[in-house]
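Asks: File input_12.cif below, mmCIF, C-alpha atoms:
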```cif
data_start
#
loop_
_atom_site.label_atom_id
_atom_site.label_comp_id
_atom_site.auth_asym_id
_atom_site.auth_seq_id
_atom_site.Cartn_x
_atom_site.Cartn_y
_atom_site.Cartn_z
CA MET A 1 150.60 115.69 95.03
CA LYS A 2 148.82 112.66 93.61
CA THR A 3 148.84 110.97 97.03
CA ASN A 4 147.21 114.03 98.64
CA LYS A 5 144.51 114.01 95.99
CA ILE A 6 143.76 110.34 96.63
CA VAL A 7 143.58 110.96 100.40
CA ASN A 8 141.20 113.90 99.88
CA ILE A 9 138.92 111.79 97.69
CA TRP A 10 139.00 108.98 100.25
CA TRP A 11 137.99 111.34 103.06
CA ARG A 12 135.15 112.77 100.98
CA TYR A 13 133.74 109.34 100.28
CA SER A 14 134.17 108.36 103.92
CA LEU A 15 132.30 111.47 105.04
CA LEU A 16 129.52 110.81 102.52
CA PHE A 17 129.22 107.23 103.76
CA MET A 18 128.99 108.40 107.39
CA VAL A 19 126.29 110.94 106.52
CA LEU A 20 124.23 108.33 104.64
CA TRP A 21 124.71 105.85 107.47
CA ALA A 22 123.57 108.28 110.17
CA THR A 23 120.66 109.82 108.25
CA PRO A 24 117.95 107.14 108.93
CA PRO A 25 118.31 107.09 112.75
CA THR A 26 118.65 110.88 112.80
CA MET A 27 115.40 111.27 110.85
CA HIS A 28 113.78 108.76 113.20
CA PHE A 29 114.79 110.90 116.18
CA ILE A 30 113.42 114.02 114.50
CA ASN A 31 110.08 112.31 113.79
CA GLN A 32 109.89 111.09 117.38
CA ALA A 33 110.58 114.60 118.69
CA LEU A 34 107.94 116.12 116.41
CA ARG A 35 105.39 113.68 117.82
CA GLY A 36 106.39 114.61 121.37
CA TYR A 37 107.84 111.19 122.22
CA PRO A 38 111.06 110.60 124.18
CA LEU A 39 114.07 109.54 122.13
CA ASP A 40 115.32 105.97 122.47
CA ILE A 41 119.10 105.90 122.17
CA ASN A 42 118.95 102.12 121.69
CA TYR A 43 117.55 102.63 118.19
CA PHE A 44 120.46 104.89 117.25
CA TRP A 45 123.09 102.46 118.48
CA SER A 46 121.38 99.44 116.93
CA GLU A 47 121.24 101.23 113.55
CA LEU A 48 124.93 102.16 113.64
CA SER A 49 126.25 98.99 115.25
CA PHE A 50 128.64 96.51 113.72
CA PHE A 51 125.96 93.83 114.13
CA GLN A 52 123.57 95.76 111.89
CA VAL A 53 126.15 95.76 109.08
CA SER A 54 127.41 92.21 109.62
CA ASN A 55 123.84 90.84 109.68
CA PHE A 56 122.77 92.65 106.50
CA GLY A 57 120.39 94.97 108.37
CA LEU A 58 118.72 92.14 110.31
CA TYR A 59 119.69 93.27 113.81
CA ASN A 60 117.10 94.59 116.28
CA GLY A 61 119.25 95.75 119.16
CA THR A 62 118.13 95.27 122.77
CA GLY A 63 115.50 97.96 123.28
CA GLY A 64 115.20 100.39 126.18
CA LYS A 65 115.38 99.51 129.89
CA ASP A 66 111.59 99.37 130.32
CA TRP A 67 110.87 97.18 127.32
CA LYS A 68 112.67 94.69 125.09
CA ILE A 69 112.73 93.68 121.44
CA GLY A 70 113.47 90.12 120.34
CA GLN A 71 116.15 88.83 118.01
CA ALA A 72 115.41 89.06 114.29
CA GLN A 73 113.67 85.99 112.88
CA ALA A 74 114.45 86.88 109.27
CA ASN A 75 117.98 85.88 108.23
CA ILE A 76 120.20 86.04 105.15
CA TRP A 77 118.77 82.72 103.93
CA ASN A 78 115.08 83.62 103.98
CA ALA A 79 114.86 87.44 104.18
CA ASN A 80 114.60 88.19 100.45
CA LYS A 81 112.47 85.30 99.26
CA LEU A 82 109.04 86.39 98.00
CA GLN A 83 106.19 85.01 100.11
CA PRO A 84 102.39 84.89 99.80
CA VAL A 85 100.46 87.32 101.99
CA THR A 86 99.12 84.48 104.17
CA GLU A 87 102.66 83.38 105.00
CA LEU A 88 103.74 86.95 105.76
CA ARG A 89 100.72 87.29 108.05
CA ASN A 90 101.81 84.21 110.00
CA PHE A 91 105.33 85.61 110.21
CA ALA A 92 104.00 89.01 111.36
CA VAL A 93 102.07 87.52 114.29
CA LYS A 94 105.14 85.47 115.17
CA LEU A 95 107.17 88.70 115.47
CA VAL A 96 104.48 90.47 117.49
CA ASN A 97 104.23 87.54 119.88
CA ARG A 98 108.02 87.36 120.12
CA ASP A 99 108.05 90.94 121.40
CA ARG A 100 105.00 90.53 123.63
CA THR A 101 106.38 87.36 125.22
CA ILE A 102 109.77 88.91 125.96
CA ASN A 103 107.87 91.76 127.65
CA ASN A 104 105.86 89.30 129.79
CA LEU A 105 102.60 89.70 127.87
CA PRO A 106 100.29 86.97 126.51
CA PRO A 107 100.47 86.19 122.78
CA LEU A 108 97.86 87.31 120.25
CA GLU A 109 95.81 85.15 117.90
CA ILE A 110 95.28 85.81 114.20
CA ASP A 111 91.77 87.08 113.49
CA ASN A 112 90.51 86.79 109.91
CA VAL A 113 88.20 89.80 110.14
CA LEU A 114 90.96 92.05 111.45
CA SER A 115 93.27 90.75 108.72
CA GLN A 116 90.69 91.50 106.04
CA ALA A 117 90.27 95.06 107.32
CA ALA A 118 94.06 95.49 107.47
CA GLN A 119 94.58 94.09 103.97
CA ASP A 120 91.84 96.30 102.52
CA HIS A 121 93.41 99.40 104.05
CA ALA A 122 96.91 98.50 102.83
CA GLU A 123 95.61 98.01 99.29
CA ASP A 124 93.51 101.18 99.43
CA MET A 125 96.49 103.32 100.52
CA LEU A 126 98.61 101.76 97.79
CA GLU A 127 96.04 102.29 95.06
CA LYS A 128 95.06 105.84 96.04
CA ARG A 129 98.55 106.95 97.13
CA TYR A 130 97.92 108.23 100.64
CA PHE A 131 99.17 107.30 104.11
CA ASN A 132 96.78 107.82 106.99
CA HIS A 133 94.66 106.01 109.55
CA ILE A 134 91.67 107.84 108.10
CA SER A 135 90.86 106.64 104.56
CA LEU A 136 89.92 109.06 101.80
CA ASP A 137 86.24 108.21 102.28
CA GLY A 138 86.50 109.25 105.94
CA LYS A 139 86.55 105.80 107.56
CA ASN A 140 88.66 105.13 110.64
CA PRO A 141 90.03 101.72 111.75
CA GLN A 142 86.88 100.91 113.72
CA ASP A 143 84.68 101.75 110.71
CA ARG A 144 86.74 99.51 108.42
CA TYR A 145 86.64 96.66 110.93
CA ILE A 146 82.86 96.85 111.28
CA ALA A 147 82.43 97.12 107.50
CA VAL A 148 83.98 93.66 106.96
CA GLY A 149 81.97 91.99 109.72
CA GLY A 150 83.67 93.03 112.95
CA LYS A 151 81.83 93.44 116.24
CA ARG A 152 80.79 96.98 117.14
CA ASN A 153 81.53 96.57 120.85
CA LEU A 154 85.22 95.70 120.41
CA GLY A 155 87.99 98.29 120.65
CA VAL A 156 90.40 98.38 117.69
CA GLY A 157 93.97 99.66 117.35
CA GLU A 158 96.03 100.12 114.19
CA ASN A 159 99.67 100.57 113.14
CA ILE A 160 100.56 101.54 109.57
CA PHE A 161 103.89 101.64 107.73
CA GLN A 162 104.92 103.07 104.37
CA GLY A 163 108.07 102.08 102.51
CA SER A 164 109.48 102.94 99.11
CA GLY A 165 112.55 102.72 96.90
CA ILE A 166 114.32 99.43 96.30
CA ALA A 167 112.14 97.36 98.64
CA LEU A 168 111.77 93.80 97.41
CA GLY A 169 108.16 93.76 98.55
CA LEU A 170 106.47 90.73 100.04
CA THR A 171 109.35 89.22 102.01
CA TYR A 172 110.20 88.24 105.56
CA GLY A 173 112.91 90.91 105.54
CA GLU A 174 110.41 93.70 104.94
CA VAL A 175 108.02 92.41 107.62
CA GLU A 176 110.90 92.21 110.10
CA LYS A 177 111.97 95.76 109.22
CA PHE A 178 108.44 97.10 109.74
CA GLN A 179 108.11 95.36 113.12
CA ARG A 180 111.42 96.83 114.24
CA GLY A 181 110.34 100.31 113.15
CA TRP A 182 107.09 100.01 115.09
CA MET A 183 108.83 98.69 118.20
CA TYR A 184 111.21 101.67 118.24
CA SER A 185 108.34 104.16 117.87
CA ASN A 186 106.58 104.91 121.15
CA GLY A 187 102.99 105.15 119.92
CA HIS A 188 103.23 102.06 117.72
CA ARG A 189 105.02 100.06 120.40
CA LYS A 190 102.23 100.95 122.85
CA ASN A 191 99.73 99.26 120.51
CA ILE A 192 101.87 96.15 120.16
CA LEU A 193 102.41 95.82 123.91
CA LEU A 194 98.92 96.72 125.12
CA PRO A 195 97.95 93.99 127.64
CA GLN A 196 94.24 94.15 126.80
CA TYR A 197 94.63 93.09 123.18
CA LYS A 198 93.91 89.48 122.31
CA LYS A 199 93.44 89.41 118.52
CA PHE A 200 95.70 90.45 115.64
CA GLY A 201 95.32 91.14 111.94
CA TYR A 202 97.86 92.00 109.27
CA GLY A 203 97.76 93.35 105.74
CA ILE A 204 100.52 94.18 103.27
CA ALA A 205 100.53 95.41 99.68
CA THR A 206 103.25 96.47 97.24
CA SER A 207 103.55 97.86 93.72
CA SER A 208 105.96 97.39 90.84
CA ASP A 209 107.57 100.78 91.56
CA GLY A 210 108.67 99.73 95.06
CA ARG A 211 105.94 101.33 97.18
CA ILE A 212 104.83 99.14 100.04
CA TYR A 213 102.23 99.53 102.78
CA ALA A 214 101.78 97.37 105.86
CA VAL A 215 98.97 97.47 108.42
CA GLN A 216 98.70 95.87 111.85
CA MET A 217 95.31 95.74 113.58
CA PHE A 218 94.54 94.75 117.15
CA SER A 219 91.35 94.17 119.13
CA ASN A 220 90.35 93.23 122.66
#
```
Could you take the file, read its structure, and then write that structure out as structure tokens?
Replies:
Amino acid sequence: MKTNKIVNIWWRYSLLFMVLWATPPTMHFINQALRGYPLDINYFWSELSFFQVSNFGLYNGTGGKDWKIGQAQANIWNANKLQPVTELRNFAVKLVNRDRTINNLPPLEIDNVLSQAAQDHAEDMLEKRYFNHISLDGKNPQDRYIAVGGKRNLGVGENIFQGSGIALGLTYGEVEKFQRGWMYSNGHRKNILLPQYKKFGYGIATSSDGRIYAVQMFSN
């Protein structure tokens, strides 16, 4: 009788673990479907793979047949070390160029004006607790870029990411996670892999309660 009870408890915990394990990729698929994008099975398998567990969540998978994603640059030795924003910005452009290069696209260069606009938007979303490409004062990415000195005749693209919970904040691991999320999301990946873009900016901000916002900006 006691053995049966132990087995039942074991199965319950195993089922709970499987549900928790499968929830993030399932929610990703639902969000993709709601946006009208095709589902990428590679994300699902990369999330549930042995490599994802054995590499402490620092596994990117291989990407779909028409595009690729590079190997994670964050590792167990550097992923959780707090870094200044400038260092995270350098790491962010390294990841973007990793994925552009593997998809036969030219690398991007860091642009200080784009980075200022991206940082301002990340901090504004954090402070005012919203998540949108349109700020609460009605400004879009192009408006914010021009406001900090950007050229009016340049096209601008933007990716944003919101995290929460037990995030450590300003670390390579978080930047890697955001890049992976963007690369497995059709609209965001399109920005990253747009051939016309030449410049890149990055902003990231976090709070003591674990909220974190990251912003990528691109221009041609």
Asks: Around the point (90.5, 89.7, 123.7) in the file's coordinates, collect all residues with an atom within 9 Å, using only C-alpha atoms, and return them as a PyMOL selection string.
Replies: chain A and resi 108+154+196-199+219-220
Asks: Which polymer residues have any atom within 7 Å of an atom of Ala117 of chain A, counting all atoms listed in the file, with same-chain residues fewer than 5 positions away left out, as a PyMOL selection string?
Replies: chain A and resi 144-145+148
Asks: Nearest residue to Glu109 of chain A out of A:Ala147, A:Val96, A:Met125, A:Leu48, using all atoms listed in the file?
Replies: A:Val96
Asks: With distances taken over all atoms listed in the file, which of A:Asn191, A:Gln179, A:Thr171, A:Thr101 is nearest to Ala72 of chain A?
Replies: A:Gln179
Asks: Kindly resolve the PyMOL selection byres ((chain A and resi 90-94) around 9) on the present coordinates and return the residues as a short mmCIF file (atom, residue, chain, number, x, y, z; two decimals) with C-alpha atoms, in the frame of the given file.
Replies:
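expr_19.cif, written as the output of this step:
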```cif
data_model
loop_
_atom_site.label_atom_id
_atom_site.label_comp_id
_atom_site.auth_asym_id
_atom_site.auth_seq_id
_atom_site.Cartn_x
_atom_site.Cartn_y
_atom_site.Cartn_z
CA GLN A 73 113.67 85.99 112.88
CA VAL A 85 100.46 87.32 101.99
CA THR A 86 99.12 84.48 104.17
CA GLU A 87 102.66 83.38 105.00
CA LEU A 88 103.74 86.95 105.76
CA ARG A 89 100.72 87.29 108.05
CA LEU A 95 107.17 88.70 115.47
CA VAL A 96 104.48 90.47 117.49
CA ASN A 97 104.23 87.54 119.88
CA ARG A 98 108.02 87.36 120.12
CA ASP A 99 108.05 90.94 121.40
CA PRO A 107 100.47 86.19 122.78
CA LEU A 108 97.86 87.31 120.25
CA GLU A 109 95.81 85.15 117.90
CA ILE A 110 95.28 85.81 114.20
CA TYR A 172 110.20 88.24 105.56
CA VAL A 175 108.02 92.41 107.62
CA GLU A 176 110.90 92.21 110.10
CA GLN A 179 108.11 95.36 113.12
CA PHE A 200 95.70 90.45 115.64
CA GLY A 201 95.32 91.14 111.94
CA TYR A 202 97.86 92.00 109.27
CA GLN A 216 98.70 95.87 111.85
#
```
Asks: Let me make sure I understand: among A:Lys68, A:Arg189, A:Lys81, A:Arg129, which one has the smallest atom-to-atom distance to Ile212 of chain A if we use only C-alpha atoms?
Replies: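 Checking each of A:Lys68, A:Arg189, A:Lys81, A:Arg129 against Ile212 of chain A, counting only C-alpha atoms, the winner is A:Arg129.
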Asks: Give as a ChimeraX atom specification the residues that the PyMOL selection byres ((chain A and resi 20-30) around 10) matches when applied to the coordinates above.
Replies: /A:14-19,31-41,43-48,181,184-185
Asks: Output the residue selection produced by the PyMOL selection byres ((chain A and resi 113) around 7) on the file above, formatted as a ChimeraX atom specification.
Replies: /A:111-112,114-117,148-150
Asks: Would you kindly return, as a list in words, each protein, DNA or RNA residue with an atom no farther than 9 Å from any atom of segment 131-137 of chain A, considering all atoms listed in the file and excluding same-chain residues fewer than 4 positions away?
Replies: His121, Asp124, Met125, Leu126, Pro141, Glu158, Asn159, Ile160, Phe161, Gln162 and Tyr213 of chain A
Asks: For a quick check of understanding, using only C-alpha atoms, which of A:Lys65, A:Arg211, A:Lys177, A:Arg12 has the smallest distance to Glu127 of chain A?
Replies: A:Arg211
Asks: Just how far from atom CA of His188 of chain A is atom CA of Arg100 of chain A, in Å to one decimal?
Replies: 13.1 Å
Asks: Hey, can you check how far atom CA of Met183 of chain A sits from atom CA of Arg152 of chain A?
Replies: 28.1 Å
Asks: Quick one: what's the axis-aligned box for segment 82-97 of chain A, all listed atoms, 8 Å on every side, centre and edges in Å to one decimal, as JSON?
Replies:
```
{"center_x": 104.1, "center_y": 86.9, "center_z": 108.9, "size_x": 25.9, "size_y": 23.1, "size_z": 37.9}
```
Asks: How far is it from atom CA of Trp67 of chain A to atom CA of Gln52 of chain A, in Å with one decimal?
Replies: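 Spanning atom CA of Trp67 of chain A to atom CA of Gln52 of chain A is a straight-line distance of 20.0 Å.
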